[in-house]
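Engineer: Quick one: structure below, then a few questions.
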Amino acid sequence: MVSAPIKSAQSAKVISNAALKTQTVNLTVLGAGAWGSALAALASRNQHNVSVWSRRSELSLADAVKGADVILSAISMKGVAELANRLNTEVAVPESAIIVTATKGLDPATTRTPSQIFTETFPTHPVVVLSGPNLSKEIEKGLPAATVVASTDEAAATQVQTLFASDSFRIYTSPDPLGAELGGTLKNVIAIAVGVCDGLNLGTNAKAALMTRAMPEVIRIGTHLGGQTETFFGLSGLGDMLATCTSVLSRNYRVGYGLAVGKKLEQILAELGSTAEGVNTANVLIEIANREEIPVPISRQVHRLLNGKITPQEAVEALMERDLKPEVCDLF
Ligand SMILES: NC(=O)C1=CN([C@@H]2O[C@H](COP(=O)(O)OP(=O)(O)OC[C@H]3O[C@@H](n4cnc5c(N)ncnc54)[C@H](O)[C@@H]3O)[C@@H](O)[C@H]2O)C=CC1
Ligand SMILES: O=C(CO)COP(=O)(O)O
């Protein structure tokens with residue numbers, strides 16, 4: 001008898017999601033790179049009105065956001081603060097528009113996350129983070145994937161869930177935008193470390209140890225910055241860490257791999273021709289860790305490597321030669 005009300009509540013939720021699906025949403029995607037384009041295609045396939053703006057497009061920013069129900073930013077971190085400022089000062093963002101951020105990075109000038117930037121700039125608008133194990137090339141092919149839309153505004157998260165969800169793109173909601181965003185951001189630095197591990201042919205044991213020991217490091221800094229511990233064990237945390245650290249499609253992984261096989265960082269980034277956020281994130285993360293005295297041993301070695309202070313082999317030695325200790329002693 002206990003199960004009856006639970007079943008009817010679940011049914012009611014499914015019906016309301018289905019009803020939402022029939023509404024056509026005006027979506028504006030800001031950023032026509034790999035991720036912005038893939039997300040625009042998902043919403044188009046769901047029959048929504050999608051317009052895509054990029055800094056090189058003929059469409060002006062003002063025209064792009066006119067009449068938008070949802071504005072999704074998927075540009076590189078280096079442009080987010082400037083874009084938020086332009087949206088605030090140069091154009092009229094519709095009053096009820098939901099702002100979604102899909103960028104995985106930290107602002108070098110202020111150490112803020114994209115959702116913090118948008119929330120501070122648009123305090124009356126709902127802000128939603130979209131983050132998960134989402135290699136865009138797989139999603140473009142229609143391969144199955146899952147992600148998280150996180151917001152303190154549950155209704156806004158549900159609307160964004162419905163906007164993008166399909167048979168091949170399963171979306172979960174979460175009330176923890178910072179946790180979802182930081183999981184996706186901090187793992188990029190770890191993906192560089194795992195790329196180094198593979199580039200040096202250190203084997204599966206080493207890779208498993210690195211990813212596992214990265215979890216307390218990500219949780220330590222992620223919770224310090226406001227994320228919830230459990231979020232880091234979900235799709236946007238562990239899930240994204242696994243995707244990015246185990247796929248040659250990941251640009252961050254390829255940065256680490258390239259360094260390990262003797263390439264210069266500039267050459268690797270030029271060959272990639274697109275964004276590898278982990279490079280900037282490592283710098284900002286170490287600034288935060290130094291300021292707040294948070295131990296981040298793996299990220300610190302990545303930072304030293306990226307800045308030419310050590311070789312890949314020296315980074316491995318530095319991690320292996322640390323003081324011995326119990327495993328579960330330093331999660332927080
Ligand atoms: N590609 C992927 O598989 C995924 C990427 N992401 C995240 O999405 C963000 C964008 O990544 P991608 O689309 O892959 O990179 P991309 O390099 O393909 O595209 C970056 C886009 O940002 C724009 N941009 C760069 N600086 C700008 C500025 N100052 N002002 C306005 N626009 C600017 C570029 O013109 C381009 O449209 C990154 O934070 C990345 O971590 C998240 C999940 C998946
Ligand atoms: O965040 C991503 C997958 O979820 C994309 O990873 P890269 O930016 O390393 O390609």
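Ligands are numbered from 1 in the order shown, residues from 1 within each chain, and chains are lettered A, B, ... in the order they appear in the structure tokens.
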Counting only C-alpha atoms and all ligand atoms, which protein, DNA or RNA residues come within 9 Å of ligand 2, given as a ChimeraX atom specification?
Structural biologist: /A:35,103-104,131-136,147,184-185,187-188,191-192,236,239-241,243-245,247-255,274-278
Engineer: Store the residues picked out above in a file with C-alpha atoms, as a PDB file, in the first residue's frame.
Structural biologist:
ATOM      1  CA  TRP A  35      30.082  21.806 -27.728  1.00  0.00           C
ATOM      2  CA  THR A 103      31.618  25.869 -20.020  1.00  0.00           C
ATOM      3  CA  LYS A 104      34.081  23.893 -17.864  1.00  0.00           C
ATOM      4  CA  SER A 131      27.744  19.212 -17.205  1.00  0.00           C
ATOM      5  CA  GLY A 132      28.548  15.526 -17.573  1.00  0.00           C
ATOM      6  CA  PRO A 133      30.576  12.932 -19.469  1.00  0.00           C
ATOM      7  CA  ASN A 134      29.835  14.477 -22.847  1.00  0.00           C
ATOM      8  CA  LEU A 135      32.524  14.127 -25.486  1.00  0.00           C
ATOM      9  CA  SER A 136      30.879  16.159 -28.251  1.00  0.00           C
ATOM     10  CA  THR A 147      24.364  14.483 -18.404  1.00  0.00           C
ATOM     11  CA  GLY A 184      33.556  18.935 -14.854  1.00  0.00           C
ATOM     12  CA  THR A 185      36.157  21.642 -14.448  1.00  0.00           C
ATOM     13  CA  LYS A 187      38.761  16.711 -13.810  1.00  0.00           C
ATOM     14  CA  ASN A 188      40.303  18.400 -16.865  1.00  0.00           C
ATOM     15  CA  ALA A 191      42.836  14.176 -17.538  1.00  0.00           C
ATOM     16  CA  ILE A 192      46.123  15.890 -18.386  1.00  0.00           C
ATOM     17  CA  SER A 236      29.228  15.330 -13.535  1.00  0.00           C
ATOM     18  CA  GLY A 239      31.393  10.120 -14.687  1.00  0.00           C
ATOM     19  CA  ASP A 240      33.115  12.984 -16.448  1.00  0.00           C
ATOM     20  CA  MET A 241      36.463  12.061 -14.913  1.00  0.00           C
ATOM     21  CA  ALA A 243      35.119   9.817 -19.847  1.00  0.00           C
ATOM     22  CA  THR A 244      37.824  12.429 -20.118  1.00  0.00           C
ATOM     23  CA  CYS A 245      40.642  10.352 -18.624  1.00  0.00           C
ATOM     24  CA  SER A 247      39.284   8.740 -24.217  1.00  0.00           C
ATOM     25  CA  VAL A 248      41.659   9.922 -26.911  1.00  0.00           C
ATOM     26  CA  LEU A 249      38.832  12.255 -27.940  1.00  0.00           C
ATOM     27  CA  SER A 250      39.560  14.335 -24.847  1.00  0.00           C
ATOM     28  CA  ARG A 251      41.710  17.339 -25.672  1.00  0.00           C
ATOM     29  CA  ASN A 252      42.940  17.585 -22.091  1.00  0.00           C
ATOM     30  CA  TYR A 253      44.071  13.962 -22.150  1.00  0.00           C
ATOM     31  CA  ARG A 254      45.845  14.683 -25.437  1.00  0.00           C
ATOM     32  CA  VAL A 255      47.692  17.626 -23.866  1.00  0.00           C
ATOM     33  CA  SER A 274      40.349  23.956 -30.046  1.00  0.00           C
ATOM     34  CA  THR A 275      39.937  24.492 -26.343  1.00  0.00           C
ATOM     35  CA  ALA A 276      41.755  22.441 -23.674  1.00  0.00           C
ATOM     36  CA  GLU A 277      40.470  24.134 -20.525  1.00  0.00           C
ATOM     37  CA  GLY A 278      42.681  22.121 -18.156  1.00  0.00           C
TER      38      GLY A 278
END
Engineer: Write out as number ranges by chain which residues come within 9 Å of segment 108-112 of chain A when counting only C-alpha atoms, dropping same-chain ones fewer than 4 positions away.
Structural biologist: A: 77-78, 116-117, 280-281, 283-285, 287-288
Engineer: Would you save the residues from that selection as a PDB file, in the first residue's frame, using N, CA and C atoms?
Structural biologist:
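Everything below was put into result.pdb:
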ATOM      1  N   MET A  77      36.270  29.367 -21.513  1.00  0.00           N
ATOM      2  CA  MET A  77      36.279  30.115 -20.254  1.00  0.00           C
ATOM      3  C   MET A  77      36.840  31.518 -20.430  1.00  0.00           C
ATOM      4  N   LYS A  78      37.863  31.652 -21.254  1.00  0.00           N
ATOM      5  CA  LYS A  78      38.524  32.963 -21.361  1.00  0.00           C
ATOM      6  C   LYS A  78      37.575  34.073 -21.833  1.00  0.00           C
ATOM      7  N   GLN A 116      28.875  31.219 -11.365  1.00  0.00           N
ATOM      8  CA  GLN A 116      28.994  32.322 -10.402  1.00  0.00           C
ATOM      9  C   GLN A 116      29.004  33.665 -11.142  1.00  0.00           C
ATOM     10  N   ILE A 117      29.685  33.681 -12.282  1.00  0.00           N
ATOM     11  CA  ILE A 117      29.728  34.934 -13.073  1.00  0.00           C
ATOM     12  C   ILE A 117      28.317  35.300 -13.543  1.00  0.00           C
ATOM     13  N   ASN A 280      44.404  26.311 -18.475  1.00  0.00           N
ATOM     14  CA  ASN A 280      44.065  27.496 -17.668  1.00  0.00           C
ATOM     15  C   ASN A 280      43.576  27.084 -16.275  1.00  0.00           C
ATOM     16  N   THR A 281      42.768  26.012 -16.224  1.00  0.00           N
ATOM     17  CA  THR A 281      42.220  25.603 -14.918  1.00  0.00           C
ATOM     18  C   THR A 281      43.338  25.249 -13.938  1.00  0.00           C
ATOM     19  N   ASN A 283      46.264  26.541 -13.692  1.00  0.00           N
ATOM     20  CA  ASN A 283      46.832  27.782 -13.131  1.00  0.00           C
ATOM     21  C   ASN A 283      45.925  28.387 -12.066  1.00  0.00           C
ATOM     22  N   VAL A 284      44.621  28.450 -12.377  1.00  0.00           N
ATOM     23  CA  VAL A 284      43.686  29.079 -11.425  1.00  0.00           C
ATOM     24  C   VAL A 284      43.543  28.200 -10.178  1.00  0.00           C
ATOM     25  N   LEU A 285      43.488  26.893 -10.399  1.00  0.00           N
ATOM     26  CA  LEU A 285      43.338  25.960  -9.284  1.00  0.00           C
ATOM     27  C   LEU A 285      44.507  26.066  -8.304  1.00  0.00           C
ATOM     28  N   GLU A 287      46.389  28.643  -7.881  1.00  0.00           N
ATOM     29  CA  GLU A 287      46.255  29.943  -7.183  1.00  0.00           C
ATOM     30  C   GLU A 287      45.304  29.781  -5.991  1.00  0.00           C
ATOM     31  N   ILE A 288      44.174  29.105  -6.216  1.00  0.00           N
ATOM     32  CA  ILE A 288      43.200  28.903  -5.126  1.00  0.00           C
ATOM     33  C   ILE A 288      43.810  28.019  -4.039  1.00  0.00           C
TER      34      ILE A 288
END
Engineer: Would you kindly return, as an mmCIF file with C-alpha atoms, in the first residue's frame, each protein, DNA or RNA residue with an atom no farther than 6 Å from any atom of segment 173-181 of chain A, considering only C-alpha atoms and excluding same-chain residues fewer than 2 positions away?
Structural biologist:
data_model
loop_
_atom_site.group_PDB
_atom_site.id
_atom_site.type_symbol
_atom_site.label_atom_id
_atom_site.label_comp_id
_atom_site.auth_asym_id
_atom_site.auth_seq_id
_atom_site.Cartn_x
_atom_site.Cartn_y
_atom_site.Cartn_z
ATOM 1 C CA VAL A 129 24.732 24.333 -15.218
ATOM 2 C CA VAL A 148 23.252 16.639 -15.490
ATOM 3 C CA VAL A 149 21.414 19.961 -15.441
ATOM 4 C CA ALA A 150 21.902 21.573 -12.045
ATOM 5 C CA SER A 151 20.274 24.628 -10.564
ATOM 6 C CA THR A 152 18.943 25.983 -7.308
ATOM 7 C CA GLY A 183 33.425 18.251 -11.116
ATOM 8 C CA GLY A 184 33.556 18.935 -14.854
ATOM 9 C CA GLY A 227 30.020 21.842 -4.109
ATOM 10 C CA GLN A 228 28.254 18.952 -2.337
ATOM 11 C CA THR A 231 27.724 15.368 -6.560
ATOM 12 C CA SER A 236 29.228 15.330 -13.535
#
Engineer: Within 8 Å of Trp53 of chain A, counting only C-alpha atoms, which residues qualify if same-chain residues fewer than 3 places away don't, as a PyMOL selection string?
Structural biologist: chain A and resi 28-32+57+59-61+64
Engineer: With C-alpha atoms retained, export the selected residues as a PDB file, in the first residue's frame.
Structural biologist:
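As a result, result.pdb now contains:
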ATOM      1  CA  THR A  28      19.925  30.910 -28.231  1.00  0.00           C
ATOM      2  CA  VAL A  29      23.292  29.143 -28.142  1.00  0.00           C
ATOM      3  CA  LEU A  30      26.285  31.433 -27.611  1.00  0.00           C
ATOM      4  CA  GLY A  31      29.415  29.795 -29.029  1.00  0.00           C
ATOM      5  CA  ALA A  32      29.612  27.830 -32.248  1.00  0.00           C
ATOM      6  CA  SER A  57      28.824  35.256 -36.939  1.00  0.00           C
ATOM      7  CA  LEU A  59      24.045  37.747 -36.336  1.00  0.00           C
ATOM      8  CA  SER A  60      24.499  40.453 -33.693  1.00  0.00           C
ATOM      9  CA  LEU A  61      24.430  39.478 -30.020  1.00  0.00           C
ATOM     10  CA  ALA A  64      20.576  36.552 -31.149  1.00  0.00           C
TER      11      ALA A  64
END
Engineer: Between A:Asn307, A:Ser96, A:Ser54, A:Thr212, which residue has the minimum interatomic distance to ligand 1, considering only C-alpha atoms and all ligand atoms?
Structural biologist: A:Ser54
Engineer: So that I can see what lies close to Pro297 of chain A, please list as a ChimeraX atom specification the residues with an atom at most 10 Å from it, counting only C-alpha atoms and leaving out residues fewer than 2 positions away in the same chain.
Structural biologist: /A:213-214,217,294-295,299-303,318-319,322
Engineer: Go ahead and write the residues just picked, C-alpha atoms, as a PDB file, in the first residue's frame.
Structural biologist:
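selection_33.pdb was written with the following content:
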ATOM      1  CA  ARG A 213      43.524   9.250  -5.811  1.00  0.00           C
ATOM      2  CA  ALA A 214      42.308  12.220  -7.872  1.00  0.00           C
ATOM      3  CA  GLU A 217      41.697  15.858  -4.373  1.00  0.00           C
ATOM      4  CA  ILE A 294      44.389  23.042   0.181  1.00  0.00           C
ATOM      5  CA  PRO A 295      46.559  20.028  -0.721  1.00  0.00           C
ATOM      6  CA  SER A 299      47.116  18.985  -9.896  1.00  0.00           C
ATOM      7  CA  ARG A 300      50.256  20.620  -8.515  1.00  0.00           C
ATOM      8  CA  GLN A 301      52.496  18.311 -10.528  1.00  0.00           C
ATOM      9  CA  VAL A 302      50.372  18.978 -13.635  1.00  0.00           C
ATOM     10  CA  HIS A 303      50.753  22.705 -13.025  1.00  0.00           C
ATOM     11  CA  ALA A 318      57.307  13.408  -7.121  1.00  0.00           C
ATOM     12  CA  LEU A 319      53.928  11.675  -6.722  1.00  0.00           C
ATOM     13  CA  ARG A 322      55.381  11.371  -1.199  1.00  0.00           C
TER      14      ARG A 322
END
Engineer: Report the distance between atom CA of Thr121 of chain A and atom 27 (C, counted along the ligand's line) of ligand 1 in Å, rounded to one decimal place.
Structural biologist: 17.8 Å
Engineer: Just asking: which residues within segment 85-190 of chain A are strand (DSSP E or B) according to DSSP, as an MDAnalysis selection string?
Structural biologist: chainID A and resid 98:101 127:131 145:150 166 169:174
Engineer: Rounded to one decimal, what separation in Å do you get between atom CA of Ile98 of chain A and atom CA of Val80 of chain A?
Structural biologist: 16.4 Å
Engineer: With only C-alpha atoms as the basis for distance, which of A:Ala145, A:Val196, A:Ala102, A:Met215 is at the shortest distance from Val328 of chain A?
Structural biologist: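 So, comparing all the options, the nearest one is A:Met215.
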Engineer: Please determine, counting only C-alpha atoms, which residue among A:Thr223, A:Asn49, A:Leu106, A:Pro144 has the shortest atom-to-atom distance to Ile171 of chain A.
Structural biologist: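 With only C-alpha atoms as the atom set, the closest residue is A:Pro144.
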Engineer: I'd like the contact shell of Thr24 of chain A - 12 Å cut-off, only C-alpha atoms, skipping same-chain residues fewer than 4 positions apart - returned as an MDAnalysis selection string.
Structural biologist: chainID A and resid 19:20 43:50 68:70 159 162:164
Engineer: What would the file look like if the residues just selected were written as an mmCIF file, in the first residue's frame with N, CA and C atoms?
Structural biologist:
data_model
loop_
_atom_site.group_PDB
_atom_site.id
_atom_site.type_symbol
_atom_site.label_atom_id
_atom_site.label_comp_id
_atom_site.auth_asym_id
_atom_site.auth_seq_id
_atom_site.Cartn_x
_atom_site.Cartn_y
_atom_site.Cartn_z
ATOM 1 N N ALA A 19 4.340 16.833 -21.289
ATOM 2 C CA ALA A 19 3.601 18.014 -21.704
ATOM 3 C C ALA A 19 4.560 19.143 -22.075
ATOM 4 N N LEU A 20 5.613 19.300 -21.241
ATOM 5 C CA LEU A 20 6.593 20.352 -21.526
ATOM 6 C C LEU A 20 7.245 20.142 -22.881
ATOM 7 N N ALA A 43 18.911 20.259 -29.496
ATOM 8 C CA ALA A 43 17.657 21.005 -29.305
ATOM 9 C C ALA A 43 16.891 21.121 -30.617
ATOM 10 N N SER A 44 17.609 21.277 -31.730
ATOM 11 C CA SER A 44 16.939 21.356 -33.047
ATOM 12 C C SER A 44 16.202 20.059 -33.330
ATOM 13 N N ARG A 45 16.852 18.939 -32.997
ATOM 14 C CA ARG A 45 16.216 17.638 -33.229
ATOM 15 C C ARG A 45 14.939 17.501 -32.408
ATOM 16 N N ASN A 46 14.866 18.205 -31.281
ATOM 17 C CA ASN A 46 13.640 18.193 -30.457
ATOM 18 C C ASN A 46 12.634 19.243 -30.922
ATOM 19 N N GLN A 47 12.858 19.781 -32.126
ATOM 20 C CA GLN A 47 11.921 20.726 -32.778
ATOM 21 C C GLN A 47 11.847 22.082 -32.082
ATOM 22 N N HIS A 48 12.894 22.483 -31.380
ATOM 23 C CA HIS A 48 12.882 23.827 -30.790
ATOM 24 C C HIS A 48 13.465 24.838 -31.781
ATOM 25 N N ASN A 49 13.157 26.119 -31.567
ATOM 26 C CA ASN A 49 13.727 27.182 -32.418
ATOM 27 C C ASN A 49 15.106 27.535 -31.888
ATOM 28 N N VAL A 50 16.120 27.244 -32.660
ATOM 29 C CA VAL A 50 17.487 27.427 -32.156
ATOM 30 C C VAL A 50 18.215 28.459 -33.012
ATOM 31 N N ALA A 68 14.514 35.233 -26.633
ATOM 32 C CA ALA A 68 14.983 33.907 -26.172
ATOM 33 C C ALA A 68 14.309 33.506 -24.857
ATOM 34 N N ASP A 69 13.864 32.251 -24.797
ATOM 35 C CA ASP A 69 13.388 31.688 -23.524
ATOM 36 C C ASP A 69 14.572 31.150 -22.720
ATOM 37 N N VAL A 70 15.531 30.595 -23.460
ATOM 38 C CA VAL A 70 16.715 30.002 -22.831
ATOM 39 C C VAL A 70 17.949 30.496 -23.589
ATOM 40 N N GLN A 159 13.033 22.413 -16.992
ATOM 41 C CA GLN A 159 12.762 22.923 -18.341
ATOM 42 C C GLN A 159 13.957 22.671 -19.276
ATOM 43 N N THR A 162 14.116 19.006 -20.243
ATOM 44 C CA THR A 162 13.164 18.647 -21.295
ATOM 45 C C THR A 162 13.598 19.167 -22.661
ATOM 46 N N LEU A 163 14.236 20.318 -22.648
ATOM 47 C CA LEU A 163 14.679 20.952 -23.894
ATOM 48 C C LEU A 163 15.675 20.081 -24.661
ATOM 49 N N PHE A 164 16.605 19.436 -23.937
ATOM 50 C CA PHE A 164 17.680 18.704 -24.618
ATOM 51 C C PHE A 164 17.496 17.182 -24.598
#
Engineer: Just to confirm, what's the straight-line distance from atom 8 (O, counted along the ligand's line) of ligand 1 to atom CA of Asn26 of chain A in Å (one decimal)?
Structural biologist: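 Result for atom 8 (O, counted along the ligand's line) of ligand 1 versus atom CA of Asn26 of chain A: 20.8 Å, one decimal.
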Engineer: Step one, run DSSP on the backbone; step two, keep only residues of segment 22-195 of chain A assigned to alpha helix (DSSP H); then write them as a PyMOL selection string.
Structural biologist: chain A and resi 34-45+61-65+80-89+114-121+136-140+154-164+177-195
Engineer: Using only C-alpha atoms and all ligand atoms, find the one residue out of A:Lys263, A:Lys66, A:Lys137, A:Arg86 that sits nearest to ligand 1.
Structural biologist: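 Among the listed residues, the smallest separation from ligand 1 belongs to A:Lys137.
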